[in-house]
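Peer 1: Handing you a structure now.
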Amino acid sequence: MRAATLPETTSGPTGHPATAGTSAFTRHPGRWIDGWDPENAAQWDHGGGARIARRNLAISVFAEFLGFGVFALWAIVVPQLKSYGYVGSAALSETQQFWLLSIPTLVGASLRIPYTLAVPRFGGRNWTVVSALLLLIPTTGLALAVAHRASFGILLVMAALAGFGGGNFASSMTNISFFYRHAEKGKALGFNAAGGNLGTAAVQFSIPFVVTIGAAGAGGTGAPNLPLAGWILVPLILLAAALAFVRMDNLTVASPEAARRRRGAEVTVGSDEGAGNDRTSFAMAARARHTWILSFLYVGSFGSFIGFAGVFPKIMSDAFPAHGLKLAFLGALVGSLTRPLGGIVADRVGGWKVTVVSFLAMALGAYGAITALQAKNFALFLATFLLLFVFTGVGNGSIYRMIPAVFNASATDHSPTGQAVTKRVAAGAIGVVGAIGAFGGFVIPQGFAQSKTHTISPAHPTGTIVPALAVIIGIYLVMAAVTWFAYGRKGSSLKGARI
């Protein structure tokens, strides 16, 4: 039975009235909250709203952190398969290795829209529990497949299942976007994404040590204990699912479909669950021109982050074998840490400006990497690739901040109902942009594979990625121009807005 809404009060985290004279939010069984309104200052500052948002953000970050860790496992496993025993007839070709590196991204990108829709259908807290538990499949699958030295086909299936970790990002970002007020949304989304992205760096830093320390479990041969890379994450995944179940919340404003099923009643458009059917709002976002412009830009920033993070350990160990995998984690680390910076700076000076600077800096980084590879200069290679990673993070933060800003600025209906619709369409756009942008992470490894295949020569017995990097530079320059044209030039329809 539905709990009574307290008039003229805000029901705090314990269900007790908070500050008088404010609109109400109330709790219901299953950790559901009705009447959530972060723009209500009294509810946010004195009614427990900010505390609830921070708690949900913290657990969301932990679950997403593990999702990205699972997503990145193969990036650190693939370069070590040869040492584990994939030699001779079991050896994997360059093309097969790049498929293992890219297939998690392809699957993860494909799951982002379904994962986004899962939040309104099941509730943000409920879906966080489910999506965390799904990570048990790719982790145990990797451990068992590698332990039995499975064929490439089996390895490819297990790598594809790691895409579950990539889907987590979209549902997490969509869910958290409803917890925060507009003025803090860019920072909150930036921290949510950065905390998750750090899972990639954490895996790339820790797994080489874990599998080396556990080498005795690989039969005492001195080979890395690669199955341990999967097993080590299982207890952490179970912890994340338990925390989400016990401490996270579902918002009816974010999950109207689940709210209708729970309450056995219709939700009125314009109420806290307003904006009607989420599929309709999602379709509206897909039909909006700005959704696709922002998706194109996000291919360049986020697609570059996950694409380069996935291949960085391999291309570093291929080009500079003496340095191995020791420093490969640095790319994902700096790209993750700078993502909140992109959102924070974008909040102050405008997202389009930060995005243009990011693409230009990324082009400079890619050019420096070409120079370093040709000169066989490891220090320059590392420095310029880290520059590239830094600005993938900055660009990710600025573009995600631009999404709600663009839809707010382009809205024509400023009534409460219209604002609710705009908020939900912007949330749908987050799902579309995240999904399309992630496909860039599949294209980069495949582009490197093609580049290496077609450049084999006496000077480069296994080929080179230089031609692929040259193409990427051109794409970054085009993306910088598109950003300026759509949002920065004087004739732009949104030029007067703070985008």
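The way I read the labels, and the way they are meant: chains A, B, ... in the order of the structure tokens, residue 1 as the first residue of every chain, and ligand 1 as the first ligand shown, with later ones counted on from there.
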Give me, as a list in words, all polymer residues having an atom no more than 8 Å from Phe308 (chain A), counting only C-alpha atoms and skipping those fewer than 6 positions away in the same chain.

Peer 2: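 That gives Gly441, Ile444 and Pro445 of chain A.
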
Peer 1: What would the file look like if the residues just selected were written as a CSV table (one decimal), in the first residue's frame with C-alpha atoms?

Peer 2:
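File written: selection.csv
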chain,number,residue,atom,x,y,z
A,441,GLY,CA,36.2,2.2,-28.8
A,444,ILE,CA,40.1,2.2,-32.9
A,445,PRO,CA,41.4,-1.4,-32.2

Peer 1: Would you kindly return, as a PyMOL selection string, each protein, DNA or RNA residue with an atom no farther than 12 Å from any atom of Arg55 (chain A), considering only C-alpha atoms and excluding same-chain residues fewer than 2 positions away?

Peer 2: chain A and resi 13+48-53+57-62+125+176+179-180+188+192+243-244+246-249

Peer 1: Report as an MDAnalysis selection string all protein, DNA and RNA residues lying within 9 Å of region 159-166 of chain A, evaluated on only C-alpha atoms, omitting residues in the same chain fewer than 5 positions from it.

Peer 2: chainID A and resid 64 66:74 99:112 131:132 134:135 137:139 141:142 154 438

Peer 1: Using N, CA and C atoms, can you write the selected residues to a file as a compact mmCIF listing (two decimals), in the first residue's frame?

Peer 2:
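Result written to part-v4.txt:
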# COMPACT_ATOMS: atom_id res chain seq x y z
N GLU A 64 30.08 0.90 -10.90
CA GLU A 64 30.56 1.23 -12.25
C GLU A 64 32.07 1.02 -12.35
N LEU A 66 33.75 -1.34 -10.93
CA LEU A 66 33.93 -2.77 -11.21
C LEU A 66 33.50 -3.12 -12.63
N GLY A 67 32.45 -2.44 -13.12
CA GLY A 67 32.04 -2.68 -14.50
C GLY A 67 33.14 -2.36 -15.49
N PHE A 68 33.79 -1.21 -15.30
CA PHE A 68 34.89 -0.85 -16.19
C PHE A 68 36.08 -1.77 -15.98
N GLY A 69 36.27 -2.25 -14.75
CA GLY A 69 37.36 -3.19 -14.51
C GLY A 69 37.16 -4.47 -15.30
N VAL A 70 35.93 -5.00 -15.27
CA VAL A 70 35.62 -6.20 -16.05
C VAL A 70 35.77 -5.91 -17.54
N PHE A 71 35.31 -4.74 -17.94
CA PHE A 71 35.39 -4.30 -19.33
C PHE A 71 36.83 -4.28 -19.83
N ALA A 72 37.76 -3.96 -18.92
CA ALA A 72 39.17 -3.78 -19.30
C ALA A 72 40.03 -5.02 -19.08
N LEU A 73 39.46 -6.10 -18.53
CA LEU A 73 40.26 -7.26 -18.20
C LEU A 73 41.05 -7.81 -19.39
N TRP A 74 40.40 -7.89 -20.54
CA TRP A 74 41.06 -8.50 -21.69
C TRP A 74 42.20 -7.65 -22.21
N TRP A 99 40.73 -8.48 -32.06
CA TRP A 99 39.31 -8.81 -31.89
C TRP A 99 38.98 -9.03 -30.41
N LEU A 100 39.85 -9.71 -29.70
CA LEU A 100 39.63 -9.90 -28.26
C LEU A 100 39.64 -8.57 -27.51
N LEU A 101 40.41 -7.62 -28.01
CA LEU A 101 40.48 -6.30 -27.38
C LEU A 101 39.27 -5.44 -27.72
N SER A 102 38.70 -5.63 -28.90
CA SER A 102 37.64 -4.73 -29.35
C SER A 102 36.23 -5.26 -29.12
N ILE A 103 36.05 -6.59 -29.06
CA ILE A 103 34.69 -7.13 -28.95
C ILE A 103 33.99 -6.73 -27.66
N PRO A 104 34.69 -6.56 -26.51
CA PRO A 104 33.95 -6.07 -25.33
C PRO A 104 33.33 -4.71 -25.56
N THR A 105 34.02 -3.85 -26.29
CA THR A 105 33.50 -2.52 -26.56
C THR A 105 32.30 -2.58 -27.50
N LEU A 106 32.36 -3.43 -28.50
CA LEU A 106 31.23 -3.56 -29.43
C LEU A 106 29.98 -4.01 -28.69
N VAL A 107 30.12 -5.01 -27.84
CA VAL A 107 28.97 -5.51 -27.08
C VAL A 107 28.52 -4.47 -26.05
N GLY A 108 29.48 -3.88 -25.36
CA GLY A 108 29.14 -2.87 -24.37
C GLY A 108 28.40 -1.69 -24.97
N ALA A 109 28.84 -1.24 -26.14
CA ALA A 109 28.16 -0.13 -26.81
C ALA A 109 26.74 -0.53 -27.20
N SER A 110 26.57 -1.76 -27.66
CA SER A 110 25.24 -2.23 -28.07
C SER A 110 24.30 -2.37 -26.88
N LEU A 111 24.85 -2.60 -25.70
CA LEU A 111 24.02 -2.76 -24.50
C LEU A 111 23.64 -1.44 -23.85
N ARG A 112 24.24 -0.37 -24.26
CA ARG A 112 24.03 0.89 -23.53
C ARG A 112 22.59 1.39 -23.62
N SER A 131 22.68 -5.49 -12.67
CA SER A 131 23.81 -5.28 -13.58
C SER A 131 25.14 -5.63 -12.91
N ALA A 132 25.22 -5.44 -11.60
CA ALA A 132 26.43 -5.84 -10.89
C ALA A 132 26.57 -7.37 -10.89
N LEU A 134 25.43 -9.45 -12.98
CA LEU A 134 25.73 -9.95 -14.33
C LEU A 134 27.24 -9.99 -14.60
N LEU A 135 28.00 -9.18 -13.86
CA LEU A 135 29.45 -9.16 -14.06
C LEU A 135 30.12 -10.46 -13.62
N ILE A 137 29.35 -13.31 -14.70
CA ILE A 137 29.43 -14.19 -15.87
C ILE A 137 30.75 -14.02 -16.62
N PRO A 138 31.12 -12.78 -17.02
CA PRO A 138 32.39 -12.64 -17.75
C PRO A 138 33.63 -12.90 -16.91
N THR A 139 33.56 -12.61 -15.60
CA THR A 139 34.76 -12.83 -14.78
C THR A 139 35.03 -14.33 -14.59
N GLY A 141 33.79 -16.64 -16.46
CA GLY A 141 34.00 -17.19 -17.80
C GLY A 141 35.43 -17.05 -18.27
N LEU A 142 36.02 -15.87 -18.04
CA LEU A 142 37.43 -15.66 -18.40
C LEU A 142 38.32 -16.64 -17.64
N ILE A 154 36.09 -19.68 -28.21
CA ILE A 154 35.60 -19.60 -26.83
C ILE A 154 36.09 -18.32 -26.17
N ALA A 438 30.49 5.06 -27.57
CA ALA A 438 31.27 3.88 -27.20
C ALA A 438 31.71 3.06 -28.41

Peer 1: Expressed in Å to a single decimal, how great is the separation between CA of Gly307 (chain A) and CA of His323 (chain A)?

Peer 2: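 About the pair CA of Gly307 (chain A) and CA of His323 (chain A): they are 20.9 Å apart.
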
Peer 1: Which of region 37-133 of chain A counts as alpha helix (DSSP H) under DSSP, as number ranges by chain please?

Peer 2: A: 41-45, 49-77, 81-84, 94-122, 124-133

Peer 1: Just give me the gap between CA of Pro416 (chain A) and CA of Arg54 (chain A) in Å, one decimal is fine.

Peer 2: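 Taking CA of Pro416 (chain A) as the start and CA of Arg54 (chain A) as the end point, the length is 25.5 Å.
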
Peer 1: Env of region 342-359 of chain A: 7 Å cut, atoms = only C-alpha atoms, seq-sep filter 4 positions within chain, self excluded. Answer as a PyMOL selection string.

Peer 2: chain A and resi 186-187+190+338+363+391-399+401-402+476-477+479-480+483-484+487-488+498-499

Peer 1: Of the residues A:Leu92, A:Val466, A:Ala328, A:Val433, which is the one nearest to His290 (chain A), using only C-alpha atoms?

Peer 2: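 Among the listed residues, the smallest separation from His290 (chain A) belongs to A:Val433.
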
Peer 1: Using only C-alpha atoms, which residues sit within 12 Å of Ala379 (chain A) once same-chain residues fewer than 2 positions away are excluded, as an mmCIF file with N, CA, C and O atoms, in the first residue's frame?

Peer 2:
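Generated output (selection_13.cif):
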data_model
loop_
_atom_site.group_PDB
_atom_site.id
_atom_site.type_symbol
_atom_site.label_atom_id
_atom_site.label_comp_id
_atom_site.auth_asym_id
_atom_site.auth_seq_id
_atom_site.Cartn_x
_atom_site.Cartn_y
_atom_site.Cartn_z
ATOM 1 N N MET A 316 52.024 -0.661 -26.489
ATOM 2 C CA MET A 316 53.228 -0.290 -25.753
ATOM 3 C C MET A 316 54.190 -1.476 -25.685
ATOM 4 O O MET A 316 55.391 -1.326 -25.930
ATOM 5 N N PHE A 320 57.652 -1.185 -27.557
ATOM 6 C CA PHE A 320 58.747 -1.027 -26.594
ATOM 7 C C PHE A 320 58.714 -2.213 -25.619
ATOM 8 O O PHE A 320 58.341 -2.054 -24.443
ATOM 9 N N HIS A 323 59.786 -2.304 -21.855
ATOM 10 C CA HIS A 323 58.997 -1.647 -20.811
ATOM 11 C C HIS A 323 57.757 -2.441 -20.440
ATOM 12 O O HIS A 323 57.117 -2.145 -19.430
ATOM 13 N N LEU A 327 53.777 0.394 -17.159
ATOM 14 C CA LEU A 327 53.238 1.758 -17.162
ATOM 15 C C LEU A 327 51.969 1.895 -17.987
ATOM 16 O O LEU A 327 51.464 3.008 -18.160
ATOM 17 N N GLY A 368 52.296 13.586 -31.834
ATOM 18 C CA GLY A 368 53.503 13.302 -31.061
ATOM 19 C C GLY A 368 53.765 11.805 -30.970
ATOM 20 O O GLY A 368 54.922 11.362 -31.006
ATOM 21 N N ALA A 369 52.695 11.001 -30.873
ATOM 22 C CA ALA A 369 52.868 9.542 -30.816
ATOM 23 C C ALA A 369 53.456 9.013 -32.121
ATOM 24 O O ALA A 369 54.297 8.106 -32.113
ATOM 25 N N THR A 371 55.435 10.691 -34.143
ATOM 26 C CA THR A 371 56.845 11.086 -34.114
ATOM 27 C C THR A 371 57.661 10.151 -33.222
ATOM 28 O O THR A 371 58.773 9.735 -33.573
ATOM 29 N N ALA A 372 57.101 9.803 -32.075
ATOM 30 C CA ALA A 372 57.811 8.937 -31.136
ATOM 31 C C ALA A 372 58.000 7.532 -31.693
ATOM 32 O O ALA A 372 59.074 6.926 -31.532
ATOM 33 N N LEU A 373 56.983 6.994 -32.350
ATOM 34 C CA LEU A 373 57.098 5.655 -32.922
ATOM 35 C C LEU A 373 58.146 5.629 -34.031
ATOM 36 O O LEU A 373 58.921 4.668 -34.141
ATOM 37 N N ALA A 375 60.706 7.606 -34.272
ATOM 38 C CA ALA A 375 62.032 7.819 -33.668
ATOM 39 C C ALA A 375 62.397 6.746 -32.650
ATOM 40 O O ALA A 375 63.494 6.774 -32.104
ATOM 41 N N LYS A 376 61.432 5.832 -32.369
ATOM 42 C CA LYS A 376 61.632 4.794 -31.356
ATOM 43 C C LYS A 376 62.017 5.413 -30.001
ATOM 44 O O LYS A 376 62.933 4.954 -29.314
ATOM 45 N N ASN A 377 61.309 6.481 -29.653
ATOM 46 C CA ASN A 377 61.573 7.239 -28.430
ATOM 47 C C ASN A 377 60.464 6.938 -27.418
ATOM 48 O O ASN A 377 59.338 7.456 -27.527
ATOM 49 N N PHE A 381 56.878 8.857 -26.619
ATOM 50 C CA PHE A 381 55.674 8.053 -26.851
ATOM 51 C C PHE A 381 54.763 8.108 -25.628
ATOM 52 O O PHE A 381 53.552 8.368 -25.742
ATOM 53 N N LEU A 382 55.316 7.878 -24.449
ATOM 54 C CA LEU A 382 54.516 7.876 -23.236
ATOM 55 C C LEU A 382 53.939 9.265 -22.958
ATOM 56 O O LEU A 382 52.749 9.407 -22.642
ATOM 57 N N ALA A 383 54.767 10.289 -23.096
ATOM 58 C CA ALA A 383 54.319 11.650 -22.786
ATOM 59 C C ALA A 383 53.197 12.099 -23.709
ATOM 60 O O ALA A 383 52.195 12.678 -23.259
ATOM 61 N N THR A 384 53.340 11.838 -25.002
ATOM 62 C CA THR A 384 52.327 12.308 -25.952
ATOM 63 C C THR A 384 51.044 11.486 -25.865
ATOM 64 O O THR A 384 49.939 12.034 -26.013
ATOM 65 N N PHE A 385 51.173 10.197 -25.591
ATOM 66 C CA PHE A 385 49.964 9.403 -25.413
ATOM 67 C C PHE A 385 49.236 9.816 -24.136
ATOM 68 O O PHE A 385 47.991 9.832 -24.091
ATOM 69 N N LEU A 386 49.988 10.155 -23.096
ATOM 70 C CA LEU A 386 49.343 10.626 -21.872
ATOM 71 C C LEU A 386 48.640 11.962 -22.106
ATOM 72 O O LEU A 386 47.559 12.216 -21.548
#

Peer 1: Excluding Val211 (chain A) and any residue of its chain fewer than 3 positions from it, enumerate the residues within 8 Å of it, using only C-alpha atoms, and give them as number ranges by chain.

Peer 2: A: 207-208, 214-215, 224-229

Peer 1: Could you check the closest approach to Ile306 (chain A) for each of A:Ala90, A:Leu251, A:Ala201, A:Leu233 and tell me which residue wins, using only C-alpha atoms?

Peer 2: A:Ala201

Peer 1: Using only C-alpha atoms, can you tell me which of A:Gln80, A:Gln204, A:Thr140, A:Asn250 comes closest to Thr128 (chain A)?

Peer 2: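 Answer, going by the shortest atom-to-atom distance: A:Asn250.
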